[in-house]
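Shown next: model_39.csv, containing CSV, C-alpha atoms.
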```csv
chain,number,residue,atom,x,y,z
A,147,MET,CA,130.7,-76.0,-113.4
A,148,GLU,CA,134.0,-77.0,-115.0
A,149,TYR,CA,135.6,-74.1,-113.1
A,150,VAL,CA,134.2,-75.4,-109.8
A,151,LYS,CA,135.6,-78.9,-110.6
A,152,ALA,CA,139.0,-77.5,-111.6
A,153,ILE,CA,139.3,-75.6,-108.3
A,154,PHE,CA,138.0,-78.7,-106.3
A,155,TYR,CA,140.6,-81.1,-107.8
A,156,GLU,CA,143.3,-78.5,-107.4
A,157,ARG,CA,142.6,-78.4,-103.7
A,158,ILE,CA,142.3,-82.1,-103.5
A,159,ASN,CA,145.9,-82.3,-104.9
A,160,ASP,CA,147.0,-79.9,-102.2
A,161,ILE,CA,145.6,-82.2,-99.6
A,162,GLU,CA,147.1,-85.3,-101.1
A,163,SER,CA,150.5,-83.6,-101.3
A,164,TYR,CA,150.2,-82.6,-97.6
A,165,PHE,CA,149.0,-86.0,-96.6
A,166,GLU,CA,151.9,-87.7,-98.4
A,167,LEU,CA,154.3,-85.6,-96.3
A,168,VAL,CA,152.5,-86.5,-93.1
A,169,ASP,CA,152.4,-90.2,-94.0
A,170,GLN,CA,156.1,-90.4,-94.9
A,171,ILE,CA,157.1,-88.6,-91.7
A,172,GLU,CA,154.9,-91.1,-89.7
A,173,LYS,CA,156.7,-94.0,-91.4
A,174,ALA,CA,160.1,-92.5,-90.8
A,175,VAL,CA,159.3,-91.9,-87.1
A,176,GLY,CA,158.1,-95.5,-86.9
A,177,SER,CA,161.4,-96.7,-88.3
A,178,GLY,CA,163.5,-94.9,-85.8
A,179,GLY,CA,163.1,-91.2,-86.3
A,180,ALA,CA,162.4,-88.6,-89.0
A,181,SER,CA,165.2,-86.1,-89.5
A,182,LEU,CA,166.2,-83.3,-91.9
A,183,ASN,CA,169.6,-82.2,-93.0
A,184,VAL,CA,169.7,-78.5,-92.4
A,185,ASP,CA,173.0,-76.7,-93.3
A,186,GLY,CA,174.9,-79.9,-92.6
A,187,SER,CA,173.3,-80.5,-89.3
A,188,LYS,CA,170.7,-83.1,-88.4
A,189,TYR,CA,167.3,-81.9,-87.2
A,190,ASN,CA,165.0,-84.4,-85.7
A,191,ILE,CA,161.2,-83.9,-86.1
A,192,LYS,CA,159.7,-83.8,-82.6
A,193,PRO,CA,156.5,-85.7,-81.6
A,194,ASN,CA,154.5,-82.5,-81.0
A,195,GLN,CA,155.4,-81.3,-84.5
A,196,GLN,CA,154.1,-84.5,-85.9
A,197,LYS,CA,150.8,-83.9,-84.0
A,198,ILE,CA,150.6,-80.3,-85.3
A,199,MET,CA,150.9,-81.6,-88.8
A,200,TYR,CA,148.1,-84.1,-88.3
A,201,SER,CA,145.9,-81.2,-87.1
A,202,GLY,CA,146.6,-79.4,-90.4
A,203,ILE,CA,144.7,-82.0,-92.3
A,204,TYR,CA,141.4,-81.0,-90.6
A,205,LEU,CA,142.0,-77.4,-91.7
A,206,HIS,CA,142.7,-78.5,-95.2
A,207,LEU,CA,139.5,-80.6,-95.4
A,208,TYR,CA,137.3,-77.9,-93.9
A,209,ASN,CA,138.8,-75.3,-96.3
A,210,LEU,CA,137.9,-77.7,-99.2
A,211,ILE,CA,134.3,-78.2,-98.0
A,212,GLU,CA,133.6,-74.5,-97.5
A,213,ALA,CA,135.3,-73.4,-100.7
A,214,THR,CA,133.4,-76.0,-102.7
A,215,ILE,CA,130.0,-75.0,-101.3
A,216,SER,CA,130.8,-71.3,-101.9
A,217,LEU,CA,131.8,-72.0,-105.5
A,218,LEU,CA,128.7,-74.0,-106.2
A,219,ILE,CA,126.4,-71.3,-104.8
A,220,GLU,CA,128.2,-68.7,-106.9
A,221,ALA,CA,127.7,-70.9,-110.0
A,222,ILE,CA,123.9,-71.0,-109.3
A,223,GLU,CA,123.9,-67.2,-108.8
A,224,THR,CA,125.7,-66.7,-112.1
A,225,HIS,CA,123.5,-69.1,-114.2
A,226,ALA,CA,120.3,-67.8,-112.6
A,227,SER,CA,121.2,-64.2,-113.2
A,228,GLU,CA,122.0,-64.9,-116.9
A,229,GLU,CA,118.9,-67.0,-117.4
A,230,VAL,CA,116.2,-64.8,-116.0
A,231,GLY,CA,117.8,-61.4,-116.6
A,232,ASN,CA,115.7,-58.8,-114.8
A,233,ASN,CA,112.6,-60.9,-114.8
A,234,VAL,CA,112.6,-62.2,-111.2
A,235,SER,CA,109.1,-63.7,-111.8
A,236,LEU,CA,110.9,-66.5,-113.7
A,237,LEU,CA,112.6,-67.7,-110.5
A,238,THR,CA,111.2,-70.6,-108.6
A,239,ASP,CA,109.5,-69.9,-105.3
A,240,ASN,CA,112.5,-71.2,-103.5
A,241,MET,CA,114.9,-69.0,-105.4
A,242,ARG,CA,112.7,-66.0,-105.3
A,243,ALA,CA,112.4,-66.2,-101.5
A,244,LEU,CA,116.2,-66.5,-101.1
A,245,TYR,CA,116.7,-63.6,-103.6
A,246,ILE,CA,114.3,-61.3,-101.6
A,247,LYS,CA,116.0,-62.4,-98.3
A,248,SER,CA,119.4,-61.5,-99.7
A,249,VAL,CA,118.2,-58.0,-100.7
A,250,THR,CA,116.2,-57.1,-97.6
A,251,THR,CA,118.1,-58.8,-94.8
A,252,ALA,CA,121.2,-57.6,-93.0
A,253,LYS,CA,122.9,-58.5,-89.8
A,254,GLY,CA,122.2,-56.5,-86.7
A,255,ASN,CA,119.4,-54.1,-85.9
A,256,LEU,CA,118.5,-51.8,-88.8
A,257,SER,CA,117.4,-48.1,-88.5
A,258,ASP,CA,114.2,-47.0,-90.1
A,259,GLU,CA,116.3,-45.3,-92.8
A,260,LYS,CA,118.2,-48.5,-93.6
A,261,ARG,CA,115.0,-50.6,-93.8
A,262,LEU,CA,113.6,-48.0,-96.2
A,263,GLU,CA,116.8,-48.1,-98.2
A,264,LYS,CA,116.6,-51.9,-98.6
A,265,ALA,CA,112.9,-51.8,-99.4
A,266,ILE,CA,113.6,-49.3,-102.2
A,267,ASP,CA,116.5,-51.4,-103.5
A,268,LEU,CA,114.2,-54.4,-103.9
A,269,PHE,CA,111.4,-52.2,-105.4
A,270,GLU,CA,113.8,-50.8,-108.0
A,271,GLN,CA,115.2,-54.2,-108.9
A,272,VAL,CA,111.7,-55.7,-109.4
A,273,LEU,CA,110.6,-52.8,-111.5
A,274,ASN,CA,113.8,-53.0,-113.6
A,275,ILE,CA,114.9,-49.5,-112.5
A,276,LYS,CA,118.2,-51.1,-111.6
A,277,PRO,CA,119.7,-54.4,-112.6
A,278,VAL,CA,118.7,-57.5,-110.6
A,279,GLU,CA,121.5,-59.0,-108.7
A,280,ILE,CA,120.7,-62.6,-107.6
A,281,LYS,CA,122.6,-63.5,-104.5
A,282,LEU,CA,121.9,-66.3,-102.1
A,283,PRO,CA,122.2,-65.5,-98.4
A,284,LEU,CA,125.0,-67.7,-97.0
A,285,SER,CA,124.5,-69.4,-93.7
A,286,GLY,CA,127.9,-71.1,-93.5
A,287,GLY,CA,130.9,-69.1,-92.3
A,288,GLY,CA,132.6,-71.8,-90.4
A,289,ASN,CA,129.6,-74.0,-89.9
A,290,TRP,CA,129.3,-76.0,-93.1
A,291,GLY,CA,128.6,-79.5,-91.7
A,292,PHE,CA,126.5,-82.1,-93.6
A,293,THR,CA,123.3,-81.0,-92.0
A,294,GLU,CA,123.8,-77.4,-92.9
A,295,ILE,CA,124.9,-78.2,-96.5
A,296,LYS,CA,121.9,-80.5,-97.0
A,297,ALA,CA,119.4,-77.9,-95.5
A,298,PHE,CA,120.7,-75.0,-97.5
A,299,SER,CA,120.8,-77.0,-100.7
A,300,LYS,CA,117.2,-78.0,-100.1
A,301,GLN,CA,116.2,-74.3,-99.8
A,302,ILE,CA,117.7,-73.7,-103.2
A,303,GLY,CA,115.9,-76.8,-104.6
A,304,VAL,CA,118.9,-79.1,-104.8
A,305,ILE,CA,117.8,-82.4,-103.2
A,306,PHE,CA,120.5,-84.9,-102.3
A,307,ASN,CA,119.9,-88.5,-103.4
A,308,PHE,CA,123.1,-90.3,-102.6
A,309,ASP,CA,123.7,-94.1,-103.1
A,310,GLN,CA,123.5,-96.4,-100.1
A,311,GLU,CA,127.3,-96.9,-100.0
A,312,LEU,CA,128.0,-93.1,-99.7
A,313,LYS,CA,125.1,-92.7,-97.2
A,314,ALA,CA,126.7,-95.3,-95.0
A,315,LYS,CA,130.1,-93.6,-95.1
A,316,ILE,CA,128.9,-90.1,-94.2
A,317,ASN,CA,126.5,-91.4,-91.5
A,318,LYS,CA,128.9,-93.7,-89.8
A,319,LYS,CA,130.4,-92.4,-86.5
A,320,PHE,CA,134.1,-91.8,-87.4
A,321,ARG,CA,135.8,-90.4,-84.2
A,322,ASP,CA,134.7,-89.1,-80.8
A,323,ASP,CA,131.2,-90.3,-81.6
A,324,LYS,CA,130.9,-87.8,-84.5
A,325,LYS,CA,130.1,-88.4,-88.2
A,326,PRO,CA,133.0,-87.4,-90.5
A,327,ILE,CA,131.8,-84.1,-91.9
A,328,ARG,CA,130.5,-82.9,-88.6
A,329,LEU,CA,133.8,-83.9,-87.0
A,330,ILE,CA,135.8,-81.8,-89.4
A,331,LYS,CA,133.6,-78.8,-88.9
A,332,GLU,CA,133.7,-79.0,-85.1
A,333,ILE,CA,137.5,-79.5,-84.9
A,334,ARG,CA,138.1,-76.7,-87.4
A,335,ASN,CA,136.0,-74.3,-85.2
A,336,LYS,CA,137.8,-75.4,-82.0
A,337,LEU,CA,141.2,-74.8,-83.6
A,338,ALA,CA,140.0,-71.5,-85.1
A,339,HIS,CA,138.6,-70.2,-81.8
A,340,GLY,CA,141.5,-71.5,-79.7
A,341,SER,CA,139.5,-73.9,-77.5
A,342,LEU,CA,141.7,-76.7,-78.8
A,343,SER,CA,145.5,-76.5,-79.4
A,344,PHE,CA,147.0,-78.0,-82.6
A,345,THR,CA,149.1,-80.4,-80.4
A,346,GLU,CA,146.0,-81.6,-78.5
A,347,CYS,CA,144.1,-82.1,-81.7
A,348,GLY,CA,146.8,-84.3,-83.3
A,349,GLN,CA,147.0,-86.7,-80.3
A,350,ASP,CA,146.2,-90.3,-80.8
A,351,HIS,CA,146.0,-90.1,-84.6
A,352,VAL,CA,147.5,-92.2,-87.3
A,353,ALA,CA,147.8,-91.4,-91.0
A,354,SER,CA,145.6,-94.3,-92.0
A,355,GLU,CA,142.6,-92.5,-90.3
A,356,PHE,CA,143.2,-89.4,-92.4
A,357,ARG,CA,143.5,-91.5,-95.5
A,358,GLU,CA,139.9,-92.8,-94.9
A,359,LEU,CA,138.7,-89.3,-93.9
A,360,ILE,CA,140.1,-87.7,-97.1
A,361,ASN,CA,138.5,-90.3,-99.2
A,362,ILE,CA,135.1,-89.8,-97.6
A,363,VAL,CA,135.2,-86.0,-98.0
A,364,LYS,CA,136.3,-86.3,-101.6
A,365,GLU,CA,133.5,-88.8,-102.5
A,366,PHE,CA,130.9,-86.7,-100.6
A,367,LEU,CA,131.8,-83.5,-102.3
A,368,GLU,CA,132.0,-85.1,-105.8
A,369,ALA,CA,128.4,-86.3,-105.3
A,370,VAL,CA,127.3,-82.8,-104.1
A,371,ILE,CA,129.0,-81.2,-107.2
A,372,GLU,CA,127.1,-83.7,-109.5
A,373,HIS,CA,123.8,-82.8,-107.8
A,374,TYR,CA,124.4,-79.1,-108.3
A,375,ASP,CA,125.6,-79.7,-111.9
A,376,THR,CA,122.3,-81.5,-112.7
A,377,PHE,CA,120.3,-78.7,-111.0
A,378,ILE,CA,122.0,-76.1,-113.2
A,379,ASN,CA,121.8,-78.1,-116.4
A,380,ASN,CA,118.1,-78.6,-115.8
A,381,LYS,CA,117.7,-74.9,-114.9
A,382,GLY,CA,116.2,-75.9,-111.6
A,383,TYR,CA,116.4,-72.3,-110.4
A,384,ARG,CA,113.6,-71.1,-112.8
A,385,ILE,CA,110.0,-72.0,-113.5
A,386,VAL,CA,109.4,-74.1,-116.5
A,387,ASP,CA,107.0,-71.7,-118.3
A,388,GLU,CA,107.1,-68.0,-118.2
A,389,PRO,CA,103.9,-66.7,-116.5
A,390,ALA,CA,101.4,-65.0,-118.8
```
Show how you would write the structure in this file as structure tokens.
Amino acid sequence: MEYVKAIFYERINDIESYFELVDQIEKAVGSGGASLNVDGSKYNIKPNQQKIMYSGIYLHLYNLIEATISLLIEAIETHASEEVGNNVSLLTDNMRALYIKSVTTAKGNLSDEKRLEKAIDLFEQVLNIKPVEIKLPLSGGGNWGFTEIKAFSKQIGVIFNFDQELKAKINKKFRDDKKPIRLIKEIRNKLAHGSLSFTECGQDHVASEFRELINIVKEFLEAVIEHYDTFINNKGYRIVDEPA
């Protein structure tokens, strides 16, 4: 888990560094214009460039969210694999169901041969003919909002129990009648799919809004990390006693 935390705070530092640049440019523009000295010539930062920079914060934040959740899932996969070895009967019902789903399920229609191949793969792992590889089927891929993170975590067995102050922050409408984590997810997808331009995205924003948004995301993910850390420390992925 220390590795997850190290990567998390490294990315937080990236966001803070980017935000500092955006914030200083906004202050410079407000004081009469932000300009750069390029080869002895003055270059003025244009309003649309400032908007594009605002948009980049949404991408940084979504990248942080998805990367953190992916790393947490990998941590559970690693610890569960080491703890149960090839004895999948030691997994909890939740974890066993996800494990089976990861082995047997694939995207798209499967031929009879492919279905048989996957069934044999599961059969061989369960009978210790080949090593068990515990993988959790991801459902994110650009869609990690609060609802998706909470639901997937619950499937694993990680139940969120945030304090009232944090609950209020993540459930309060932040912008465009959207809660903060959902807002980030939806804007990221619109930017990624081209339905929203970076200039349009950055309109009517100020740096202070992003300061608040960054703080909410950081606090939310810190709480998620702590819940996963507790789950791993308590070996929540395996049953308490080995079945007779």
Wanna dump the range 305-325 of chain A-range 289-297 of chain A contacts at 9 Å for me, each residue with its shortest atom pair and the distance in Å to one decimal, counting all atoms listed in the file, ordered by chain and number, as a tab-separated table?
```
residue	atom	partner	partner_atom	distance
A:Ile305	CA	A:Lys296	CA	7.7
A:Phe306	CA	A:Lys296	CA	7.0
A:Ile316	CA	A:Phe292	CA	8.4
```
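Separating CA of Lys364 in chain A from CA of Gln195 in chain A is a distance of 26.1 Å.
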TODO: Please identify all polymer residues within 12 Å of Ser216 in chain A, counting all atoms listed in the file, omitting same-chain residues fewer than 6 positions from it, and present them as a PyMOL selection string.
DONE: chain A and resi 150+153-154+209-210+222-223+281-288+290+295+298-299+371+374
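One distance worth recording is that between CA of Lys197 in chain A and CA of Phe344 in chain A, which is 7.2 Å.
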Could you give me, as a JSON list (two decimals) with C-alpha atoms, in the frame of the given file, the residues within 12 Å of Arg242 in chain A, counting only C-alpha atoms and dropping anything in the same chain fewer than 2 positions from it?
```json
[["chain", "number", "residue", "atom", "x", "y", "z"],
["A", 223, "GLU", "CA", 123.90, -67.20, -108.80],
["A", 226, "ALA", "CA", 120.30, -67.80, -112.60],
["A", 227, "SER", "CA", 121.20, -64.20, -113.20],
["A", 230, "VAL", "CA", 116.20, -64.80, -116.00],
["A", 233, "ASN", "CA", 112.60, -60.90, -114.80],
["A", 234, "VAL", "CA", 112.60, -62.20, -111.20],
["A", 235, "SER", "CA", 109.10, -63.70, -111.80],
["A", 236, "LEU", "CA", 110.90, -66.50, -113.70],
["A", 237, "LEU", "CA", 112.60, -67.70, -110.50],
["A", 238, "THR", "CA", 111.20, -70.60, -108.60],
["A", 239, "ASP", "CA", 109.50, -69.90, -105.30],
["A", 240, "ASN", "CA", 112.50, -71.20, -103.50],
["A", 244, "LEU", "CA", 116.20, -66.50, -101.10],
["A", 245, "TYR", "CA", 116.70, -63.60, -103.60],
["A", 246, "ILE", "CA", 114.30, -61.30, -101.60],
["A", 247, "LYS", "CA", 116.00, -62.40, -98.30],
["A", 248, "SER", "CA", 119.40, -61.50, -99.70],
["A", 249, "VAL", "CA", 118.20, -58.00, -100.70],
["A", 268, "LEU", "CA", 114.20, -54.40, -103.90],
["A", 272, "VAL", "CA", 111.70, -55.70, -109.40],
["A", 278, "VAL", "CA", 118.70, -57.50, -110.60],
["A", 279, "GLU", "CA", 121.50, -59.00, -108.70],
["A", 280, "ILE", "CA", 120.70, -62.60, -107.60],
["A", 281, "LYS", "CA", 122.60, -63.50, -104.50],
["A", 282, "LEU", "CA", 121.90, -66.30, -102.10],
["A", 283, "PRO", "CA", 122.20, -65.50, -98.40],
["A", 301, "GLN", "CA", 116.20, -74.30, -99.80],
["A", 302, "ILE", "CA", 117.70, -73.70, -103.20],
["A", 303, "GLY", "CA", 115.90, -76.80, -104.60],
["A", 383, "TYR", "CA", 116.40, -72.30, -110.40],
["A", 384, "ARG", "CA", 113.60, -71.10, -112.80],
["A", 385, "ILE", "CA", 110.00, -72.00, -113.50]]
```
Open item on the list: Need the shell around Gly179 in chain A: protein/DNA/RNA residues with any atom at most 8 Å away, counting all atoms listed in the file. Skip same-chain ones fewer than 5 positions apart. Format as a PyMOL selection string?
Closed with: chain A and resi 174+190-191
TODO: Please identify all polymer residues within 8 Å of Met199 in chain A, counting only C-alpha atoms, omitting same-chain residues fewer than 4 positions from it, and present them as a PyMOL selection string.
DONE: chain A and resi 168+195+203+348
